[in-house]
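**Student:** Following this message is one structure expressed as structure tokens.
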Amino acid sequence: MVRDSASAAVERQRAVQEKVDADDKAERKPSQKTPMQAGARIYPAPPFPKQHHAKPGKEARIEPPPLYDAPYWVGSGKLEGKVALITGGDSGIGRAVAVLFAREGADVAIAHLAEEEDAAVTRQAVEQEGRRCLTLKGDVASRAFCRQAVEKTVSELGKLDVLVNNAAFQVHSAAFEDLTEEHFDTTIKTNLYGYFHMAQEAVPHMKQGSAIVNTGSVTGLEGSKELIDYSMTKGGIHAFTRALSTSLIDRGIRVNAVAPGPVWTPLNPSDKQAGDVAKFGAQTPMRRPAQPEEIAPAYVFLASPQCSSYITGEILPIVGGY
């Protein structure tokens, strides 16, 4: 009986093997590898127009324009009566977050470097949602500017409930030896000092129920051979998020991070060469980059005490599939 059972098992295994062997040899049409579309509207996919823009990058010059307004998102008061300060809020993810925060009932201050035209568009978009918007020009690497930004937000908008640390500097280096100290220092000062200074200035004004949401990156999870300095800072931001969350938990302030994969914002067309920009995001399983409006809901989720009151110290990857 045992011997017959074993023989039957061998026959079954060989039958399965023969079927698979035949399938492997059969001519099959290659699967059509089209970009995945699972959202409320169809999002742009590579190839994009070849383009390379000067730092810090202006959203008004990006082709196709990044999608930030989330027309199908219906606000439901998740941030009603809140005041948020968003660094890098003039464009990209920051602009999309500002719009959704406003749609959810928050007044918004946006800090930006020099992109006054982009900041004006964001301000108009926030005001169209019926909320107040304050624009703040300066460098987050400067402690003095961070203090000024927080103080002006509190004095003009009344308080500070949500800080979104989002401003970033990114430029690739093809070879490790090409990464200069000036380049390295600029990345560290913007991406780490900026987050540290802004959080340290903001926390004294925050109360129980407030939230900090940091922008990390898939590079902080996986690394990137041409973005060694940037990857270091994003990994540092993830660690900063977890450490700061434990420091502030007794004060009722939650700290979390979003770690996006490739997103169609001014950051990358002002980093990569034109030919690389044309293929941006094609390497993801979804075969396209995210649009800012696809990332912004995560910030609403992590900022809103209605949605995430029991979540702190977490890193939320949004990378287009693993």
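Ligands are numbered from 1 in the order shown, chains are lettered A, B, ... in the order of the structure tokens, and residues start at 1 in each chain.
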As a PyMOL selection string, list the residues of range 157-257 of chain A assigned to strand (DSSP E) by DSSP on the backbone atoms of this structure.
**Tutor:** chain A and resi 162-165+211-215+254-257
**Student:** Taking 5 positions as the minimum chain separation for residues in the same chain, which residues sit within 10 Å of Glu63 in chain A when counting only C-alpha atoms? Answer as a list in words.
**Tutor:**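 Neighbouring residues, sequence-local ones excluded: Phe48, Pro49, Lys50, Gln51, Trp264, Pro266 and Pro269 of chain A.
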**Student:** For the residues selected in the previous step, produce a file with N, CA and C atoms as a compact mmCIF listing (two decimals), in the first residue's frame.
**Tutor:**
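Output saved as out12.txt:
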# COMPACT_ATOMS: atom_id res chain seq x y z
N PHE A 48 8.59 60.30 -21.14
CA PHE A 48 8.26 61.70 -20.97
C PHE A 48 9.14 62.53 -21.91
N PRO A 49 8.78 63.78 -22.15
CA PRO A 49 9.67 64.65 -22.92
C PRO A 49 11.02 64.78 -22.23
N LYS A 50 12.07 64.77 -23.01
CA LYS A 50 13.40 64.96 -22.44
C LYS A 50 13.53 66.37 -21.90
N GLN A 51 14.00 66.49 -20.66
CA GLN A 51 14.10 67.80 -20.02
C GLN A 51 15.08 67.74 -18.86
N TRP A 264 6.61 62.19 -9.75
CA TRP A 264 6.81 63.19 -10.81
C TRP A 264 6.71 64.59 -10.20
N PRO A 266 9.36 68.45 -9.43
CA PRO A 266 10.55 69.16 -9.92
C PRO A 266 11.87 68.59 -9.41
N PRO A 269 13.51 66.02 -12.39
CA PRO A 269 13.95 66.66 -13.63
C PRO A 269 15.05 67.70 -13.42
**Student:** So, counting only C-alpha atoms, which residue among A:Ile237, A:Met232, A:Ala274, A:Ala290 is closest to Asp185 in chain A?
**Tutor:**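 With only C-alpha atoms as the atom set, the closest residue is A:Met232.
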**Student:** Calculate how many Å separate CA of Ala211 in chain A from CA of Gln128 in chain A, rounding to one decimal.
**Tutor:**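 Between CA of Ala211 in chain A and CA of Gln128 in chain A the gap works out to 24.7 Å.
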**Student:** Show which residues sit within 10 Å of range 297-313 of chain A, as number ranges by chain. Count only C-alpha atoms, and ignore same-chain residues fewer than 4 positions away.
**Tutor:** A: 70, 73, 77-80, 82, 84, 93-94, 96-98, 100-101, 104, 161-164, 209-215, 238-246, 248-249, 252-259, 292-293, 317-318
**Student:** Run DSSP on the backbone of this structure and report the residues of range 82-226 of chain A it assigns to alpha helix (DSSP H), as a PyMOL selection string.
**Tutor:** chain A and resi 92-103+116-128+143-157+181-188+194-202+219-222
**Student:** List the neighbours of His112 in chain A out to 10 Å using only C-alpha atoms; skip same-chain residues closer than 6 positions along the sequence, and give me the result as a PyMOL selection string.
**Tutor:** chain A and resi 56+86-91+94+118-119+135-140+167
**Student:** My list of candidates is A:Glu127, A:Asp178, A:Asp23, A:Glu59. Which is closest to Thr265 in chain A when distances are computed with only C-alpha atoms?
**Tutor:**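 Selected residue with least distance to Thr265 in chain A: A:Glu59.
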**Student:** Which residues are close to Gly223 in chain A, i.e. within 12 Å by only C-alpha atoms, leaving aside same-chain residues fewer than 3 positions away? Reply as an MDAnalysis selection string.
**Tutor:** chainID A and resid 216:220 226:236 261
